[in-house]
$ cat query-v2.cif   # mmCIF, C-alpha atoms and all ligand atoms
data_final
loop_
_atom_site.label_atom_id
_atom_site.label_comp_id
_atom_site.auth_asym_id
_atom_site.auth_seq_id
_atom_site.Cartn_x
_atom_site.Cartn_y
_atom_site.Cartn_z
CA MET A 39 19.12 -4.75 -11.83
CA THR A 40 20.49 -8.17 -12.60
CA LEU A 41 20.86 -8.30 -16.27
CA PHE A 42 19.66 -11.16 -18.16
CA ARG A 43 21.93 -13.70 -19.62
CA SER A 44 19.60 -15.84 -21.59
CA LEU A 45 19.34 -14.77 -25.13
CA ALA A 46 16.16 -13.73 -26.66
CA THR A 47 13.58 -15.93 -28.24
CA LEU A 48 13.41 -13.22 -30.75
CA VAL A 49 16.32 -11.00 -31.48
CA ALA A 50 15.68 -7.54 -32.88
CA LEU A 51 13.03 -8.15 -35.39
CA SER A 52 12.32 -6.02 -38.37
CA LEU A 53 8.78 -5.69 -39.40
CA THR A 54 7.57 -4.02 -42.49
CA LEU A 55 4.17 -2.55 -41.99
CA THR A 56 2.00 -0.85 -44.52
CA SER A 57 -0.17 2.02 -43.53
CA VAL A 58 -3.76 1.63 -42.43
CA SER A 59 -5.90 -0.41 -44.78
CA SER A 60 -9.45 0.05 -43.71
CA SER A 61 -11.86 -0.22 -46.63
CA ASP A 62 -12.34 3.56 -46.71
CA ALA A 63 -8.65 4.23 -46.76
CA ALA A 64 -8.06 1.51 -49.37
CA GLN A 65 -10.65 3.01 -51.67
CA LYS A 66 -9.14 6.44 -51.41
CA GLN A 67 -5.78 5.00 -52.30
CA ARG A 68 -7.18 3.32 -55.39
CA HIS A 69 -8.77 6.57 -56.54
CA THR A 70 -5.76 8.71 -55.96
CA LYS A 71 -3.33 5.98 -56.99
CA LYS A 72 -1.13 7.17 -54.21
CA LYS A 73 1.73 4.87 -53.35
CA THR A 74 1.71 3.24 -49.93
CA ARG A 75 4.78 4.07 -47.94
CA ALA A 76 6.48 1.33 -45.96
CA LYS A 77 7.51 1.89 -42.33
CA THR A 78 10.18 -0.09 -40.55
CA VAL A 79 9.58 -0.89 -36.90
CA VAL A 80 12.24 -2.50 -34.74
CA ALA A 81 10.67 -4.57 -31.98
CA ALA A 82 12.41 -4.80 -28.62
CA PRO A 83 13.98 -8.21 -28.01
CA VAL A 84 11.89 -10.57 -25.89
CA LEU A 85 13.97 -12.08 -23.13
CA THR A 86 12.97 -15.36 -21.57
CA TYR A 87 14.19 -17.34 -18.59
CA ALA A 88 15.10 -20.38 -20.74
CA GLU A 89 18.79 -20.13 -19.92
CA HIS A 90 18.78 -18.10 -16.74
CA PRO A 91 20.94 -20.05 -14.23
CA ASP A 92 18.90 -19.11 -11.13
CA ALA A 93 15.66 -19.97 -12.89
CA LEU A 94 17.02 -23.33 -14.03
CA ARG A 95 18.19 -24.17 -10.51
CA PHE A 96 14.86 -23.04 -9.04
CA ALA A 97 12.94 -25.23 -11.50
CA ALA A 98 15.09 -28.31 -10.84
CA GLU A 99 14.78 -27.95 -7.05
CA LEU A 100 11.03 -27.47 -7.26
CA GLU A 101 10.56 -30.50 -9.51
CA LEU A 102 12.47 -32.61 -7.00
CA ALA A 103 10.65 -31.22 -3.93
CA ALA A 104 7.21 -31.53 -5.52
CA GLY A 105 7.86 -34.94 -7.05
CA TRP A 106 7.04 -33.73 -10.55
CA GLU A 107 8.35 -35.25 -13.74
CA PRO A 108 11.85 -33.85 -14.42
CA GLY A 109 11.72 -30.89 -16.77
CA TRP A 110 8.08 -29.91 -16.11
CA ALA A 111 8.78 -26.64 -14.30
CA GLN A 112 11.77 -25.88 -16.49
CA GLN A 113 9.69 -26.27 -19.60
CA TRP A 114 7.21 -23.63 -18.41
CA LEU A 115 9.79 -21.26 -16.96
CA SER A 116 11.56 -21.33 -20.30
CA GLN A 117 8.48 -19.64 -21.71
CA ALA A 118 8.41 -16.94 -19.02
CA GLN A 119 9.30 -13.54 -20.40
CA GLN A 120 11.06 -10.77 -18.59
CA LEU A 121 8.72 -7.77 -18.34
CA PRO A 122 10.56 -4.44 -18.08
CA ALA A 123 7.26 -2.73 -17.16
CA VAL A 124 7.03 -4.89 -14.03
CA VAL A 125 10.55 -3.90 -12.98
CA ARG A 126 9.61 -0.23 -13.42
CA LEU A 127 6.39 -0.62 -11.45
CA VAL A 128 8.06 -2.10 -8.36
CA THR A 129 10.89 0.42 -8.32
CA PRO A 130 10.15 2.76 -5.38
CA ALA A 131 8.93 6.27 -6.15
CA PRO A 132 11.35 9.06 -5.15
CA ALA A 133 11.04 9.98 -1.48
CA GLY A 134 9.37 13.20 -0.49
CA THR A 135 5.96 12.83 -2.09
CA ALA A 136 3.41 13.59 0.62
CA LYS A 137 0.56 11.10 0.91
CA ASN A 138 -2.92 12.44 0.53
CA TRP A 139 -5.86 10.59 2.08
CA SER A 140 -8.58 12.67 0.43
CA ALA A 141 -7.10 12.23 -3.03
CA TYR A 142 -6.53 8.50 -2.44
CA CYS A 143 -10.04 7.96 -1.12
CA GLU A 144 -11.73 9.87 -3.92
CA ARG A 145 -10.11 7.56 -6.47
CA PHE A 146 -12.09 4.68 -5.00
CA VAL A 147 -15.17 6.21 -3.41
CA GLU A 148 -16.64 7.72 -6.55
CA PRO A 149 -20.00 7.37 -8.34
CA LYS A 150 -18.98 4.70 -10.88
CA ARG A 151 -17.50 2.38 -8.25
CA ILE A 152 -20.34 2.99 -5.79
CA ALA A 153 -22.90 2.12 -8.51
CA ALA A 154 -20.96 -1.02 -9.51
CA GLY A 155 -20.72 -1.98 -5.84
CA THR A 156 -24.43 -1.56 -5.33
CA ARG A 157 -25.13 -3.83 -8.32
CA PHE A 158 -22.57 -6.37 -7.07
CA TRP A 159 -24.19 -6.38 -3.63
CA GLN A 160 -27.70 -6.82 -5.06
CA ASP A 161 -26.61 -9.54 -7.51
CA ASN A 162 -24.83 -11.47 -4.76
CA ALA A 163 -26.98 -10.68 -1.73
CA ASP A 164 -27.61 -14.31 -0.76
CA THR A 165 -23.96 -15.27 -1.11
CA LEU A 166 -22.82 -12.26 0.94
CA GLN A 167 -25.32 -13.17 3.64
CA ARG A 168 -24.10 -16.77 3.65
CA ALA A 169 -20.47 -15.61 3.96
CA GLU A 170 -21.42 -13.32 6.84
CA ALA A 171 -23.19 -16.20 8.61
CA ILE A 172 -20.36 -18.69 8.13
CA TYR A 173 -17.29 -16.47 8.63
CA GLY A 174 -18.67 -13.62 10.74
CA VAL A 175 -17.30 -11.08 8.26
CA PRO A 176 -19.72 -8.28 7.26
CA ALA A 177 -20.90 -7.96 3.66
CA TRP A 178 -19.75 -4.31 3.47
CA LEU A 179 -16.16 -5.35 4.12
CA ILE A 180 -16.19 -7.97 1.35
CA VAL A 181 -17.85 -5.51 -1.03
CA GLY A 182 -15.30 -2.82 -0.08
CA ILE A 183 -12.33 -5.10 -0.76
CA ILE A 184 -13.48 -6.46 -4.11
CA GLY A 185 -14.40 -2.92 -5.16
CA VAL A 186 -11.06 -1.34 -4.28
CA GLU A 187 -9.08 -4.28 -5.68
CA THR A 188 -10.69 -4.70 -9.10
CA LEU A 189 -13.85 -2.57 -9.48
CA TYR A 190 -15.90 -5.75 -9.05
CA GLY A 191 -13.92 -7.77 -11.55
CA GLN A 192 -13.51 -5.08 -14.21
CA HIS A 193 -9.76 -4.62 -13.63
CA THR A 194 -8.24 -7.94 -12.71
CA GLY A 195 -4.99 -7.33 -14.59
CA GLN A 196 -3.66 -8.42 -17.98
CA PHE A 197 -0.11 -9.39 -17.10
CA ARG A 198 0.73 -13.04 -17.58
CA THR A 199 1.29 -14.07 -13.96
CA LEU A 200 4.09 -16.45 -14.93
CA ASP A 201 5.99 -13.58 -16.57
CA ALA A 202 5.34 -11.13 -13.71
CA LEU A 203 6.45 -13.55 -11.00
CA ALA A 204 9.51 -14.80 -12.91
CA THR A 205 10.60 -11.19 -13.46
CA LEU A 206 10.10 -10.31 -9.78
CA SER A 207 11.86 -13.51 -8.68
CA PHE A 208 14.96 -13.25 -10.85
CA ASP A 209 15.20 -9.56 -11.81
CA PHE A 210 13.87 -7.66 -8.81
CA PRO A 211 15.25 -4.09 -8.98
CA THR A 212 18.25 -3.75 -6.68
CA ALA A 213 17.30 -0.09 -6.06
CA HIS A 214 14.59 -1.38 -3.71
CA PRO A 215 15.69 -1.26 -0.05
CA ARG A 216 14.56 -4.85 0.58
CA ALA A 217 15.31 -6.32 -2.83
CA ALA A 218 16.63 -9.67 -1.58
CA GLN A 219 13.64 -10.33 0.70
CA ARG A 220 11.17 -9.27 -1.96
CA ALA A 221 12.77 -11.50 -4.58
CA ALA A 222 12.66 -14.42 -2.13
CA TYR A 223 8.98 -13.71 -1.46
CA PHE A 224 8.18 -13.70 -5.16
CA ARG A 225 9.97 -17.01 -5.65
CA THR A 226 7.61 -18.60 -3.12
CA GLU A 227 4.73 -17.11 -5.10
CA LEU A 228 6.17 -18.40 -8.38
CA GLU A 229 6.39 -21.83 -6.80
CA ALA A 230 2.77 -21.50 -5.62
CA LEU A 231 1.65 -20.55 -9.14
CA LEU A 232 3.41 -23.57 -10.65
CA ARG A 233 1.83 -25.82 -8.01
CA LEU A 234 -1.63 -24.34 -8.71
CA ALA A 235 -1.12 -24.93 -12.42
CA HIS A 236 0.19 -28.47 -11.92
CA ASN A 237 -2.68 -29.40 -9.60
CA SER A 238 -5.43 -27.82 -11.69
CA GLY A 239 -4.17 -28.82 -15.12
CA ILE A 240 -4.45 -25.18 -16.25
CA ALA A 241 -1.17 -24.25 -17.95
CA PRO A 242 1.04 -21.74 -16.08
CA THR A 243 0.91 -19.44 -19.12
CA GLU A 244 -2.90 -19.14 -18.85
CA TRP A 245 -3.01 -17.25 -15.54
CA ARG A 246 -3.42 -13.45 -15.70
CA GLY A 247 -3.33 -10.73 -13.08
CA SER A 248 -1.57 -7.64 -11.76
CA TYR A 249 2.07 -6.76 -12.28
CA ALA A 250 2.75 -8.11 -8.79
CA GLY A 251 1.15 -11.51 -9.42
CA ALA A 252 -2.24 -10.92 -7.77
CA MET A 253 -5.14 -12.62 -9.53
CA GLY A 254 -8.90 -12.63 -9.84
CA LEU A 255 -11.71 -10.48 -8.40
CA PRO A 256 -10.08 -10.34 -4.95
CA GLN A 257 -6.48 -10.17 -6.30
CA PHE A 258 -5.19 -13.18 -4.37
CA MET A 259 -1.53 -14.06 -4.63
CA PRO A 260 -1.05 -17.68 -5.75
CA SER A 261 -0.08 -18.89 -2.25
CA ASN A 262 -3.28 -17.45 -0.78
CA TRP A 263 -5.34 -18.92 -3.61
CA SER A 264 -4.40 -22.41 -2.40
CA LYS A 265 -4.23 -21.66 1.35
CA LEU A 266 -7.28 -19.43 1.81
CA GLY A 267 -9.33 -19.74 -1.40
CA VAL A 268 -12.80 -21.26 -0.97
CA ASP A 269 -15.02 -23.09 -3.46
CA PHE A 270 -18.03 -21.15 -2.23
CA ASP A 271 -20.33 -22.04 -5.16
CA GLU A 272 -19.42 -25.69 -4.69
CA ASP A 273 -18.71 -26.49 -8.32
CA GLY A 274 -15.62 -28.47 -7.43
CA ARG A 275 -12.94 -25.84 -8.07
CA ILE A 276 -11.76 -22.51 -6.77
CA ASP A 277 -12.18 -19.89 -9.48
CA LEU A 278 -11.45 -16.41 -8.22
CA LEU A 279 -11.48 -14.98 -11.72
CA ARG A 280 -14.94 -15.96 -12.89
CA SER A 281 -16.90 -16.89 -9.78
CA PRO A 282 -18.07 -13.95 -7.62
CA ALA A 283 -19.23 -16.52 -5.04
CA ASP A 284 -15.76 -18.05 -4.76
CA ALA A 285 -14.29 -14.54 -4.46
CA ILE A 286 -16.76 -13.58 -1.71
CA GLY A 287 -16.19 -16.75 0.30
CA SER A 288 -12.42 -16.46 -0.11
CA VAL A 289 -12.24 -12.82 1.06
CA ALA A 290 -14.37 -13.69 4.12
CA ASN A 291 -12.18 -16.72 4.86
CA TYR A 292 -9.04 -14.58 4.52
CA MET A 293 -10.34 -12.01 7.00
CA ARG A 294 -11.36 -14.65 9.51
CA ALA A 295 -8.00 -16.41 9.16
CA PHE A 296 -6.23 -13.14 10.04
CA GLY A 297 -8.35 -12.65 13.17
CA TRP A 298 -11.45 -10.65 12.20
CA GLN A 299 -13.65 -10.27 15.32
CA THR A 300 -17.36 -10.25 14.58
CA GLY A 301 -19.07 -7.12 15.83
CA LEU A 302 -15.90 -5.22 16.75
CA PRO A 303 -15.77 -1.78 15.07
CA THR A 304 -12.79 -1.03 12.84
CA HIS A 305 -11.98 2.37 14.37
CA TYR A 306 -13.10 5.21 16.58
CA ALA A 307 -12.80 8.97 16.27
CA VAL A 308 -10.20 10.55 18.52
CA GLU A 309 -9.85 13.91 20.23
CA LEU A 310 -6.18 14.85 20.18
CA ASN A 311 -4.49 17.10 22.67
CA ALA A 312 -1.04 15.54 22.69
CA THR A 313 2.39 17.13 23.09
CA ASP A 314 5.01 16.37 20.44
CA GLU A 315 6.57 13.81 22.74
CA GLN A 316 3.25 12.10 23.42
CA MET A 317 2.55 12.11 19.71
CA SER A 318 5.82 10.28 18.99
CA THR A 319 4.86 7.68 21.61
CA LEU A 320 1.41 7.31 20.11
CA LEU A 321 2.67 6.92 16.54
CA ALA A 322 5.65 4.67 17.31
CA PRO A 323 3.80 1.33 17.00
CA ASP A 324 2.25 2.51 13.70
CA ILE A 325 -0.95 0.59 12.93
CA LEU A 326 -0.29 -2.28 15.34
CA PRO A 327 -2.85 -1.92 18.17
CA SER A 328 -0.65 -1.38 21.24
CA PHE A 329 -2.49 0.91 23.71
CA GLN A 330 -5.03 0.08 26.39
CA PRO A 331 -8.05 2.37 25.88
CA ASP A 332 -7.70 3.61 29.48
CA ASP A 333 -4.11 4.74 28.90
CA LEU A 334 -4.85 6.85 25.83
CA PRO A 335 -6.28 9.98 27.55
CA LYS A 336 -3.04 10.15 29.61
CA LEU A 337 -1.20 10.44 26.30
CA GLY A 338 -3.47 13.19 25.03
CA ALA A 339 -5.66 10.99 22.81
CA SER A 340 -9.26 10.51 23.95
CA PRO A 341 -11.52 8.09 22.11
CA VAL A 342 -14.83 9.59 21.01
CA ASN A 343 -18.07 7.59 21.11
CA MET A 344 -16.26 4.41 22.07
CA ALA A 345 -18.49 1.70 23.49
CA ALA A 346 -17.97 1.38 27.24
CA SER A 347 -17.72 -2.35 26.67
CA HIS A 348 -14.85 -2.01 24.20
CA ALA A 349 -12.11 -4.48 24.96
CA GLY A 350 -8.84 -4.70 23.13
CA LEU A 351 -5.87 -2.59 22.20
CA LEU A 352 -5.95 0.44 19.91
CA ALA A 353 -3.53 2.14 17.51
CA LEU A 354 -3.36 5.81 16.59
CA VAL A 355 -3.64 5.81 12.80
CA ARG A 356 -2.44 8.91 10.96
CA LEU A 357 -3.54 9.70 7.41
CA GLU A 358 -1.71 12.57 5.73
CA ASN A 359 -3.68 15.02 3.61
CA GLY A 360 -0.82 16.31 1.52
CA ASP A 361 2.00 18.53 2.71
CA PRO A 362 0.56 21.29 4.96
CA ASP A 363 3.51 23.50 3.93
CA ALA A 364 2.50 23.16 0.29
CA GLY A 365 -1.21 23.81 0.45
CA GLY A 366 -2.19 20.46 1.98
CA LYS A 367 -4.42 20.02 5.01
CA PRO A 368 -3.37 18.74 8.43
CA PRO A 369 -3.40 14.95 8.82
CA SER A 370 -6.52 13.01 9.87
CA HIS A 371 -6.39 10.58 12.80
CA VAL A 372 -8.49 7.67 14.02
CA LEU A 373 -8.03 4.98 16.64
CA GLY A 374 -7.75 1.67 14.84
CA THR A 375 -8.90 -1.56 16.51
CA GLN A 376 -7.71 -5.09 15.87
CA ASN A 377 -10.19 -5.26 12.98
CA PHE A 378 -8.61 -2.22 11.29
CA TYR A 379 -5.28 -4.02 11.59
CA VAL A 380 -6.78 -7.20 10.08
CA ILE A 381 -7.80 -5.28 6.94
CA THR A 382 -4.19 -4.12 6.56
CA ARG A 383 -3.15 -7.80 6.40
CA TYR A 384 -4.84 -7.84 2.99
CA ASN A 385 -2.80 -4.89 1.80
CA TRP A 386 -0.28 -3.32 4.15
CA SER A 387 -1.56 0.24 4.16
CA SER A 388 -3.79 2.22 6.49
CA TYR A 389 -4.93 4.29 3.48
CA TYR A 390 -6.02 1.08 1.79
CA ALA A 391 -7.89 -0.12 4.89
CA MET A 392 -9.71 3.18 5.33
CA ALA A 393 -10.66 3.30 1.63
CA VAL A 394 -12.05 -0.26 1.83
CA ILE A 395 -14.11 0.64 4.91
CA THR A 396 -15.37 3.86 3.33
CA LEU A 397 -16.30 2.27 0.00
CA GLY A 398 -18.00 -0.75 1.59
CA GLN A 399 -20.05 1.36 3.97
CA THR A 400 -20.90 3.93 1.30
CA VAL A 401 -22.21 1.14 -0.94
CA GLN A 402 -24.18 -0.23 1.99
CA SER A 403 -25.72 3.21 2.55
CA GLN A 404 -27.16 3.03 -1.00
CA LEU A 405 -29.21 -0.07 -0.21
CA PRO A 406 -32.86 0.31 0.73
CA GLY A 407 -33.38 0.80 4.44
CA LYS A 408 -29.71 1.44 5.24
CA SER A 409 -28.37 4.71 6.45
CA LEU A 410 -24.69 4.72 7.24
CA PRO A 411 -22.02 7.37 7.14
CA SER A 412 -20.53 7.74 3.68
CA GLY A 413 -17.90 9.80 1.89
CA CYS A 414 -14.20 10.36 2.47
CA GLY A 415 -14.43 12.82 5.37
CA ILE A 416 -13.23 11.21 8.58
CA GLU A 417 -13.65 13.62 11.48
CA ASN A 418 -17.20 14.67 10.76
CA LYS A 419 -18.77 11.28 10.29
CA LEU A 420 -17.86 9.38 13.42
CA CA A 501 -16.13 -22.71 -7.35
#
$ encode --input "query-v2.cif" --output "C-alpha cells"
Amino acid sequence: MTLFRSLATLVALSLTLTSVSSSDAAQKQRHTKKKTRAKTVVAAPVLTYAEHPDALRFAAELELAAGWEPGWAQQWLSQAQQLPAVVRLVTPAPAGTAKNWSAYCERFVEPKRIAAGTRFWQDNADTLQRAEAIYGVPAWLIVGIIGVETLYGQHTGQFRTLDALATLSFDFPTAHPRAAQRAAYFRTELEALLRLAHNSGIAPTEWRGSYAGAMGLPQFMPSNWSKLGVDFDEDGRIDLLRSPADAIGSVANYMRAFGWQTGLPTHYAVELNATDEQMSTLLAPDILPSFQPDDLPKLGASPVNMAASHAGLLALVRLENGDPDAGGKPPSHVLGTQNFYVITRYNWSSYYAMAVITLGQTVQSQLPGKSLPSGCGIENKL
C-alpha cells in the first residue's frame, strides 16, 4: 500500500474520559462517594489528502479541465480522509474459499427482505408500472435490485463518499491483482463525485454511501448518477437517496441502456450430459452469451422448456454450492440469456444476478393474484 505522506490533521490525540455518567450511575457515585477513575484513550491519527502529491495534481488538472475556480477541488480533497477500513474491504480474500449459491441466496431471499420488498412494491406500484411502460423493464427486476442493494433504502452506507473514493484513488491496496486499473477507475469516480457536487451545490463532504463509493437506494456510482440517473418524480433534481421514484426510474434506465430486451426471459433450465471437454468449452465464455441454442445439445447441454421462438445466444452459468469434497453440494447450472448478462452489468457476478431475479420474483409472488416460482432452489423451479 502506498503510504501516506501528508501529515495528519490530528496527530495522536490524548483524550481523558470519565466513566459513564448516566443519572443512575451518577447518583450511585454520590451515595458511595466512590472516586471516578480516569481512562486515557489514544486516538489513531486522521490522515488527509491535503498534501498528497497525486491528489494535488489530480485536483489541479480537474479544475483546469472543468473550468472551475482554481483551488476548488483542492480545497475539498484536502478534507478527504484516508479510511483504513476501505483499504481492508477491497483487499481480496484469500483464494480457495468455495462459493456457495444457496448460502448467498438465503442472505437476500429471506422473510424480512421479502416483506420489505412487498411493502416497497405496494407503496410504489404506480411508479413501477410507469417505469415498466417507459423503459420496458419489469417491476420485479427493479424491486429485486433495490432489495439486494440496500434492503429498500435501509442500508445505503455511512461512509463519506469523498473519503472512500479518495482512499481508493490514491491508496488502493497493491496486493490486488489489478490495483493500477482499479485506482484509475476510482479516480474517474472521484472526478464524477466532484462534478456532481459542483453542479448540484451540495458539498462533496455531504455525500454518503458504501465503502466503494456507491450511493443511494440503487447504489449508483457517481458517474452513473449523472449518466443514467433519472428525475422520475420530476421535482427538478435527481435524488437517489431520498426519492424511491428517482431510484426506480434510474434502475430501469440503467437496464435499458445496457440492452435489456422486453419479454426475453433471463435464463432457462438445462439438462447436462456433457463430457469434461465439452464442459470446458461450455464454461469458457463464462457468462457472456456465446452459443446458438441449436448448438448446445451437441455439446451435451439441452435447454429445458425453452420457447421455440427463442432467438439469441446463451451462456452456461455455473453456480457453486460449496466444495463438494468438503460437504458441499454439486454446482447448479442454468442457461443465461442476454438479459441475464445485462443484470450482471449492474454488478459483475452471476450470483448477484440470480439473487436479484430470485428476490424480485419471490416478492412478486407475494402480491395478490400472482403465482410465480420463489425460493433459492434452481433446478426444481424452472
Ligand atoms: Ca427527483
$ atom_distance --input "query-v2.cif" --atom1 "CA of Val84 in chain A" --atom2 "CA of Gln119 in chain A"
6.8 Å
$ closest_residue --input "query-v2.cif" --among "A:Ser403, A:Gln376, A:Ser288, A:Thr212" --to "ligand CA 501 (chain A)" --atoms "all atoms listed in the file"
A:Ser288
$ residues_near_ligand --input "query-v2.cif" --ligand "ligand CA 501 (chain A)" --cutoff "12 Å" --atoms "all atoms listed in the file" --output "PyMOL selection string"
chain A and resi 267-288
$ residues_around --input "query-v2.cif" --residues "Tyr306 in chain A" --least-positions-apart "5" --cutoff "8 Å" --atoms "all atoms listed in the file" --output "PyMOL selection string"
chain A and resi 341-344+372-375+420
$ write_last_selection --input "query-v2.cif" --atoms "C-alpha atoms" --output "mmCIF file, in the frame of the given file"
data_model
loop_
_atom_site.group_PDB
_atom_site.id
_atom_site.type_symbol
_atom_site.label_atom_id
_atom_site.label_comp_id
_atom_site.auth_asym_id
_atom_site.auth_seq_id
_atom_site.Cartn_x
_atom_site.Cartn_y
_atom_site.Cartn_z
ATOM 1 C CA PRO A 341 -11.520 8.090 22.110
ATOM 2 C CA VAL A 342 -14.830 9.590 21.010
ATOM 3 C CA ASN A 343 -18.070 7.590 21.110
ATOM 4 C CA MET A 344 -16.260 4.410 22.070
ATOM 5 C CA VAL A 372 -8.490 7.670 14.020
ATOM 6 C CA LEU A 373 -8.030 4.980 16.640
ATOM 7 C CA GLY A 374 -7.750 1.670 14.840
ATOM 8 C CA THR A 375 -8.900 -1.560 16.510
ATOM 9 C CA LEU A 420 -17.860 9.380 13.420
#
$ closest_residue --input "query-v2.cif" --among "A:Leu334, A:Leu85, A:Ala118, A:Ala222" --to "Ala312 in chain A" --atoms "only C-alpha atoms"
A:Leu334
$ residues_around --input "query-v2.cif" --residues "range 152-154 of chain A" --least-positions-apart "2" --cutoff "12 Å" --atoms "only C-alpha atoms" --output "JSON, numbers by chain"
{"A": [144, 145, 146, 147, 148, 149, 150, 156, 157, 158, 159, 160, 161, 178, 181, 182, 184, 185, 186, 188, 189, 190, 191, 192, 394, 396, 397, 398, 399, 400, 401, 402, 403, 404, 405, 412, 413]}
$ write_last_selection --input "query-v2.cif" --atoms "C-alpha atoms" --output "PDB file, keeping the file's coordinate frame"
ATOM      1  CA  GLU A 144     -11.730   9.870  -3.920  1.00  0.00           C
ATOM      2  CA  ARG A 145     -10.110   7.560  -6.470  1.00  0.00           C
ATOM      3  CA  PHE A 146     -12.090   4.680  -5.000  1.00  0.00           C
ATOM      4  CA  VAL A 147     -15.170   6.210  -3.410  1.00  0.00           C
ATOM      5  CA  GLU A 148     -16.640   7.720  -6.550  1.00  0.00           C
ATOM      6  CA  PRO A 149     -20.000   7.370  -8.340  1.00  0.00           C
ATOM      7  CA  LYS A 150     -18.980   4.700 -10.880  1.00  0.00           C
ATOM      8  CA  THR A 156     -24.430  -1.560  -5.330  1.00  0.00           C
ATOM      9  CA  ARG A 157     -25.130  -3.830  -8.320  1.00  0.00           C
ATOM     10  CA  PHE A 158     -22.570  -6.370  -7.070  1.00  0.00           C
ATOM     11  CA  TRP A 159     -24.190  -6.380  -3.630  1.00  0.00           C
ATOM     12  CA  GLN A 160     -27.700  -6.820  -5.060  1.00  0.00           C
ATOM     13  CA  ASP A 161     -26.610  -9.540  -7.510  1.00  0.00           C
ATOM     14  CA  TRP A 178     -19.750  -4.310   3.470  1.00  0.00           C
ATOM     15  CA  VAL A 181     -17.850  -5.510  -1.030  1.00  0.00           C
ATOM     16  CA  GLY A 182     -15.300  -2.820  -0.080  1.00  0.00           C
ATOM     17  CA  ILE A 184     -13.480  -6.460  -4.110  1.00  0.00           C
ATOM     18  CA  GLY A 185     -14.400  -2.920  -5.160  1.00  0.00           C
ATOM     19  CA  VAL A 186     -11.060  -1.340  -4.280  1.00  0.00           C
ATOM     20  CA  THR A 188     -10.690  -4.700  -9.100  1.00  0.00           C
ATOM     21  CA  LEU A 189     -13.850  -2.570  -9.480  1.00  0.00           C
ATOM     22  CA  TYR A 190     -15.900  -5.750  -9.050  1.00  0.00           C
ATOM     23  CA  GLY A 191     -13.920  -7.770 -11.550  1.00  0.00           C
ATOM     24  CA  GLN A 192     -13.510  -5.080 -14.210  1.00  0.00           C
ATOM     25  CA  VAL A 394     -12.050  -0.260   1.830  1.00  0.00           C
ATOM     26  CA  THR A 396     -15.370   3.860   3.330  1.00  0.00           C
ATOM     27  CA  LEU A 397     -16.300   2.270   0.000  1.00  0.00           C
ATOM     28  CA  GLY A 398     -18.000  -0.750   1.590  1.00  0.00           C
ATOM     29  CA  GLN A 399     -20.050   1.360   3.970  1.00  0.00           C
ATOM     30  CA  THR A 400     -20.900   3.930   1.300  1.00  0.00           C
ATOM     31  CA  VAL A 401     -22.210   1.140  -0.940  1.00  0.00           C
ATOM     32  CA  GLN A 402     -24.180  -0.230   1.990  1.00  0.00           C
ATOM     33  CA  SER A 403     -25.720   3.210   2.550  1.00  0.00           C
ATOM     34  CA  GLN A 404     -27.160   3.030  -1.000  1.00  0.00           C
ATOM     35  CA  LEU A 405     -29.210  -0.070  -0.210  1.00  0.00           C
ATOM     36  CA  SER A 412     -20.530   7.740   3.680  1.00  0.00           C
ATOM     37  CA  GLY A 413     -17.900   9.800   1.890  1.00  0.00           C
TER      38      GLY A 413
END
$ residues_around --input "query-v2.cif" --residues "Val128 in chain A" --least-positions-apart "6" --cutoff "12 Å" --atoms "only C-alpha atoms" --output "PyMOL selection string"
chain A and resi 39+121-122+202-203+205-206+209-217+220-221+248-251
$ residues_around --input "query-v2.cif" --residues "Thr319 in chain A" --least-positions-apart "4" --cutoff "12 Å" --atoms "all atoms listed in the file" --output "JSON, numbers by chain"
{"A": [312, 313, 314, 315, 323, 324, 328, 329, 333, 334, 336, 337, 338, 339, 353, 354]}
$ closest_residue --input "query-v2.cif" --among "A:Gly174, A:Pro256, A:Gly365, A:Pro406" --to "Ala295 in chain A" --atoms "all atoms listed in the file"
A:Gly174
$ residues_near_point --input "query-v2.cif" --point "(19.7, -26.1, -15.5)" --cutoff "12 Å" --atoms "all atoms listed in the file" --output "ChimeraX atom specification"
/A:44,87-99,101,108-109,111-113,115-116
$ residues_around --input "query-v2.cif" --residues "Thr199 in chain A" --least-positions-apart "6" --cutoff "7 Å" --atoms "only C-alpha atoms" --output "mmCIF file with C-alpha atoms, keeping the file's coordinate frame"
data_model
loop_
_atom_site.group_PDB
_atom_site.id
_atom_site.type_symbol
_atom_site.label_atom_id
_atom_site.label_comp_id
_atom_site.auth_asym_id
_atom_site.auth_seq_id
_atom_site.Cartn_x
_atom_site.Cartn_y
_atom_site.Cartn_z
ATOM 1 C CA TRP A 245 -3.010 -17.250 -15.540
ATOM 2 C CA ARG A 246 -3.420 -13.450 -15.700
ATOM 3 C CA GLY A 247 -3.330 -10.730 -13.080
ATOM 4 C CA GLY A 251 1.150 -11.510 -9.420
#
$ atom_distance --input "query-v2.cif" --atom1 "CA of Glu170 in chain A" --atom2 "CA of Gly297 in chain A"
14.5 Å
$ atom_distance --input "query-v2.cif" --atom1 "CA of Tyr223 in chain A" --atom2 "CA of Asn262 in chain A"
12.8 Å
$ closest_residue --input "query-v2.cif" --among "A:Pro303, A:Pro176, A:Pro369, A:Pro260" --to "Ala290 in chain A" --atoms "only C-alpha atoms"
A:Pro176
$ closest_residue --input "query-v2.cif" --among "A:Ala235, A:Leu352, A:Thr382, A:Leu179" --to "Leu166 in chain A" --atoms "all atoms listed in the file"
A:Leu179
